[in-house]
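Everything on this sheet refers to the single structure shown next.
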Amino acid sequence: MPEQRARKYHQDRVAEALREEIGAMIEGELSDPRISFAYVSQVVLNPGGKSALIYVAVDGGAAEEEQTIEGLMAARGYIRHELLERMGVRHIPDLTFHIDRSEKMKARIDELLGRAHKRQKSVVD
């Protein structure tokens, strides 16, 4: 089966455009008080282009993360309408927002690896 490089390239470009536009909306246009300081870290587009997972990193605790996701899910229709006008495409995928916890997990893994390294160092000495 031949590679679909052009399709993959197109999906990557669409995902990047979605990330930039949604990020700009979160920063300045959405006035919902539930949405705290957040940024779009990644957009995963379904291979068919019908849906997209939007990963949002929120600066704050679990309660702020939950409220931010609720606010973004409530503003989904507005976001899709604005994307349709800005991007000039026929179809905007269905948007689903999720919390991106990769940075927190990375920090925790680094902390645990540092502890293990200190233990090994103290055992050798």
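To be explicit about the labels: the chains of the structure tokens are called A, B, and onward in the order shown, and within each one the residues are counted from 1, while ligands get numbers from 1 in the order they are shown.
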
Please list as a short mmCIF file (atom, residue, chain, number, x, y, z; two decimals) with all heavy atoms, in the first residue's frame every residue within 10 Å of range 67-80 of chain A, counting only C-alpha atoms and excluding residues in the same chain fewer than 6 positions away.
```cif
data_model
loop_
_atom_site.label_atom_id
_atom_site.label_comp_id
_atom_site.auth_asym_id
_atom_site.auth_seq_id
_atom_site.Cartn_x
_atom_site.Cartn_y
_atom_site.Cartn_z
N LEU A 18 -5.09 24.65 13.77
CA LEU A 18 -6.09 24.58 14.84
C LEU A 18 -5.45 24.95 16.18
O LEU A 18 -6.04 25.69 16.97
CB LEU A 18 -6.69 23.18 14.92
CG LEU A 18 -7.65 22.78 13.81
CD1 LEU A 18 -8.00 21.30 13.93
CD2 LEU A 18 -8.91 23.62 13.86
N GLU A 21 -4.86 28.81 16.30
CA GLU A 21 -6.10 29.61 16.37
C GLU A 21 -6.83 29.41 17.70
O GLU A 21 -7.30 30.38 18.29
CB GLU A 21 -7.02 29.25 15.20
CG GLU A 21 -6.52 29.69 13.86
CD GLU A 21 -6.44 31.20 13.70
OE1 GLU A 21 -7.18 31.93 14.39
OE2 GLU A 21 -5.61 31.64 12.89
N ILE A 22 -6.93 28.17 18.16
CA ILE A 22 -7.61 27.92 19.43
C ILE A 22 -6.81 28.54 20.57
O ILE A 22 -7.37 29.10 21.51
CB ILE A 22 -7.84 26.41 19.64
CG1 ILE A 22 -8.83 25.90 18.60
CG2 ILE A 22 -8.37 26.14 21.04
CD1 ILE A 22 -8.98 24.40 18.56
N MET A 25 -7.59 32.15 20.74
CA MET A 25 -8.92 32.38 21.30
C MET A 25 -8.91 32.23 22.82
O MET A 25 -9.54 33.02 23.53
CB MET A 25 -9.92 31.40 20.70
CG MET A 25 -10.38 31.76 19.34
SD MET A 25 -11.68 30.65 18.83
CE MET A 25 -11.10 30.23 17.21
N ILE A 26 -8.20 31.22 23.32
CA ILE A 26 -8.14 31.01 24.77
C ILE A 26 -7.45 32.18 25.44
O ILE A 26 -7.87 32.63 26.51
CB ILE A 26 -7.43 29.67 25.09
CG1 ILE A 26 -8.32 28.51 24.67
CG2 ILE A 26 -7.09 29.58 26.57
CD1 ILE A 26 -7.66 27.16 24.80
N GLU A 29 -9.90 35.94 23.56
CA GLU A 29 -11.27 36.16 23.10
C GLU A 29 -12.33 35.52 23.98
O GLU A 29 -13.45 36.00 24.02
CB GLU A 29 -11.41 35.64 21.68
CG GLU A 29 -10.58 36.41 20.70
CD GLU A 29 -10.65 35.81 19.32
OE1 GLU A 29 -11.70 35.26 18.96
OE2 GLU A 29 -9.64 35.90 18.61
N LEU A 30 -12.03 34.45 24.63
CA LEU A 30 -13.03 33.77 25.46
C LEU A 30 -13.09 34.47 26.81
O LEU A 30 -12.09 34.57 27.52
CB LEU A 30 -12.68 32.29 25.63
CG LEU A 30 -12.64 31.47 24.34
CD1 LEU A 30 -12.23 30.03 24.63
CD2 LEU A 30 -13.98 31.50 23.65
N SER A 31 -14.26 34.96 27.17
CA SER A 31 -14.40 35.73 28.41
C SER A 31 -15.07 34.92 29.52
O SER A 31 -15.52 35.51 30.50
CB SER A 31 -15.19 37.01 28.13
OG SER A 31 -16.47 36.68 27.64
N ASP A 32 -15.12 33.62 29.38
CA ASP A 32 -15.73 32.78 30.41
C ASP A 32 -14.82 32.80 31.66
O ASP A 32 -13.64 32.50 31.56
CB ASP A 32 -15.86 31.35 29.88
CG ASP A 32 -16.74 30.48 30.76
OD1 ASP A 32 -16.83 30.75 31.98
OD2 ASP A 32 -17.32 29.51 30.24
N PRO A 33 -15.37 33.15 32.82
CA PRO A 33 -14.54 33.21 34.03
C PRO A 33 -14.03 31.84 34.48
O PRO A 33 -13.08 31.78 35.26
CB PRO A 33 -15.46 33.83 35.08
CG PRO A 33 -16.83 33.59 34.57
CD PRO A 33 -16.74 33.56 33.08
N ARG A 34 -14.62 30.77 33.98
CA ARG A 34 -14.15 29.44 34.37
C ARG A 34 -12.82 29.10 33.72
O ARG A 34 -12.09 28.25 34.22
CB ARG A 34 -15.17 28.38 33.96
CG ARG A 34 -16.49 28.50 34.70
CD ARG A 34 -17.46 27.48 34.21
NE ARG A 34 -17.92 27.85 32.87
CZ ARG A 34 -18.84 27.17 32.19
NH1 ARG A 34 -19.37 26.09 32.71
NH2 ARG A 34 -19.22 27.57 30.99
N ILE A 35 -12.50 29.74 32.60
CA ILE A 35 -11.28 29.43 31.87
C ILE A 35 -10.13 30.21 32.49
O ILE A 35 -10.07 31.43 32.41
CB ILE A 35 -11.42 29.77 30.37
CG1 ILE A 35 -12.56 28.96 29.78
CG2 ILE A 35 -10.11 29.50 29.65
CD1 ILE A 35 -12.90 29.33 28.35
N SER A 36 -9.21 29.48 33.14
CA SER A 36 -8.05 30.12 33.76
C SER A 36 -6.91 30.15 32.75
O SER A 36 -7.08 29.82 31.58
CB SER A 36 -7.65 29.36 35.03
OG SER A 36 -7.25 28.06 34.72
N PHE A 37 -5.72 30.54 33.20
CA PHE A 37 -4.57 30.62 32.31
C PHE A 37 -4.26 29.24 31.76
O PHE A 37 -3.97 28.31 32.51
CB PHE A 37 -3.35 31.19 33.05
CG PHE A 37 -2.14 31.27 32.19
CD1 PHE A 37 -2.06 32.22 31.18
CD2 PHE A 37 -1.10 30.38 32.35
CE1 PHE A 37 -0.95 32.29 30.37
CE2 PHE A 37 0.01 30.45 31.54
CZ PHE A 37 0.09 31.40 30.54
N ALA A 38 -4.35 29.10 30.45
CA ALA A 38 -4.14 27.81 29.80
C ALA A 38 -3.58 28.03 28.41
O ALA A 38 -3.68 29.13 27.85
CB ALA A 38 -5.46 27.04 29.71
N VAL A 56 -5.00 20.62 26.49
CA VAL A 56 -4.81 21.95 27.08
C VAL A 56 -4.05 21.79 28.38
O VAL A 56 -4.45 21.00 29.24
CB VAL A 56 -6.18 22.62 27.33
CG1 VAL A 56 -6.01 23.98 27.95
CG2 VAL A 56 -6.97 22.71 26.05
N ALA A 57 -2.97 22.56 28.53
CA ALA A 57 -2.22 22.59 29.78
C ALA A 57 -2.71 23.78 30.58
O ALA A 57 -2.75 24.91 30.07
CB ALA A 57 -0.73 22.69 29.50
N VAL A 58 -3.10 23.53 31.82
CA VAL A 58 -3.67 24.57 32.68
C VAL A 58 -2.71 24.83 33.82
O VAL A 58 -2.20 23.90 34.45
CB VAL A 58 -5.05 24.12 33.24
CG1 VAL A 58 -5.63 25.18 34.16
CG2 VAL A 58 -6.00 23.82 32.11
N ARG A 86 -12.29 31.88 10.24
CA ARG A 86 -10.87 32.26 10.14
C ARG A 86 -10.08 31.39 9.17
O ARG A 86 -9.21 31.90 8.47
CB ARG A 86 -10.21 32.15 11.51
CG ARG A 86 -10.68 33.17 12.49
CD ARG A 86 -9.98 32.99 13.79
NE ARG A 86 -10.51 33.89 14.78
CZ ARG A 86 -9.98 34.05 15.97
NH1 ARG A 86 -8.90 33.37 16.31
NH2 ARG A 86 -10.50 34.88 16.83
N HIS A 91 -15.06 22.27 6.38
CA HIS A 91 -15.42 21.45 7.53
C HIS A 91 -14.43 21.69 8.67
O HIS A 91 -13.23 21.66 8.47
CB HIS A 91 -15.40 19.97 7.14
CG HIS A 91 -15.65 19.05 8.28
ND1 HIS A 91 -16.90 18.90 8.82
CD2 HIS A 91 -14.83 18.27 8.99
CE1 HIS A 91 -16.83 18.02 9.81
NE2 HIS A 91 -15.57 17.65 9.94
N ILE A 92 -14.96 21.91 9.85
CA ILE A 92 -14.16 22.00 11.07
C ILE A 92 -14.48 20.75 11.89
O ILE A 92 -15.64 20.40 12.06
CB ILE A 92 -14.51 23.26 11.89
CG1 ILE A 92 -14.14 24.51 11.11
CG2 ILE A 92 -13.81 23.26 13.23
CD1 ILE A 92 -12.66 24.71 10.88
N PRO A 93 -13.46 20.05 12.37
CA PRO A 93 -13.73 18.81 13.12
C PRO A 93 -14.43 19.08 14.44
O PRO A 93 -14.39 20.19 14.98
CB PRO A 93 -12.33 18.23 13.35
CG PRO A 93 -11.39 19.36 13.17
CD PRO A 93 -12.03 20.31 12.23
N ASP A 94 -15.09 18.04 14.95
CA ASP A 94 -15.68 18.12 16.28
C ASP A 94 -14.53 18.21 17.28
O ASP A 94 -13.56 17.46 17.20
CB ASP A 94 -16.51 16.86 16.58
CG ASP A 94 -17.74 16.78 15.71
OD1 ASP A 94 -18.29 17.84 15.36
OD2 ASP A 94 -18.15 15.65 15.38
N LEU A 95 -14.64 19.13 18.21
CA LEU A 95 -13.56 19.39 19.16
C LEU A 95 -13.87 18.76 20.50
O LEU A 95 -14.98 18.88 21.01
CB LEU A 95 -13.36 20.90 19.33
CG LEU A 95 -13.13 21.71 18.06
CD1 LEU A 95 -13.06 23.18 18.40
CD2 LEU A 95 -11.88 21.25 17.36
N THR A 96 -12.87 18.09 21.07
CA THR A 96 -12.97 17.54 22.41
C THR A 96 -11.74 17.99 23.17
O THR A 96 -10.61 17.79 22.72
CB THR A 96 -13.02 16.00 22.38
OG1 THR A 96 -14.07 15.59 21.51
CG2 THR A 96 -13.26 15.44 23.76
N PHE A 97 -11.95 18.61 24.32
CA PHE A 97 -10.86 19.16 25.10
C PHE A 97 -10.48 18.19 26.22
O PHE A 97 -11.34 17.63 26.89
CB PHE A 97 -11.24 20.51 25.69
CG PHE A 97 -11.43 21.57 24.64
CD1 PHE A 97 -12.68 21.82 24.11
CD2 PHE A 97 -10.35 22.28 24.17
CE1 PHE A 97 -12.86 22.78 23.14
CE2 PHE A 97 -10.52 23.25 23.19
CZ PHE A 97 -11.77 23.49 22.67
N HIS A 98 -9.16 18.04 26.41
CA HIS A 98 -8.62 17.20 27.47
C HIS A 98 -7.48 17.94 28.17
O HIS A 98 -6.82 18.77 27.56
CB HIS A 98 -8.08 15.88 26.91
CG HIS A 98 -9.12 14.99 26.34
ND1 HIS A 98 -9.97 14.24 27.10
CD2 HIS A 98 -9.47 14.76 25.05
CE1 HIS A 98 -10.79 13.57 26.32
NE2 HIS A 98 -10.51 13.88 25.06
N ILE A 99 -7.25 17.58 29.42
CA ILE A 99 -6.15 18.16 30.18
C ILE A 99 -4.86 17.46 29.78
O ILE A 99 -4.80 16.24 29.71
CB ILE A 99 -6.39 18.01 31.70
CG1 ILE A 99 -7.59 18.83 32.13
CG2 ILE A 99 -5.16 18.41 32.49
CD1 ILE A 99 -7.41 20.31 32.00
#
```

Exercise for review: Going by DSSP on the backbone, which bits of range 1-117 of chain A are helix (DSSP H, G or I)? Write them as a PyMOL selection string, please.
Suggested key: chain A and resi 5-29+62-74+76-87+102-117

Check your understanding: Interatomic distance between CA of Glu64 in chain A and CA of Ser41 in chain A?
Key ->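 A separation of 16.9 Å between them.
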
**Study point:** Residue among A:Ala24, A:Arg101, A:Asn46, A:Glu82 lying closest to Gly60 in chain A, counting only C-alpha atoms
**Key:**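 Checking each of A:Ala24, A:Arg101, A:Asn46, A:Glu82 against Gly60 in chain A, counting only C-alpha atoms, the winner is A:Arg101.
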
Review point. How many Å separate CA of Ala62 in chain A from CA of Arg115 in chain A?
Key: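 CA of Arg115 in chain A lies 25.7 Å from CA of Ala62 in chain A.
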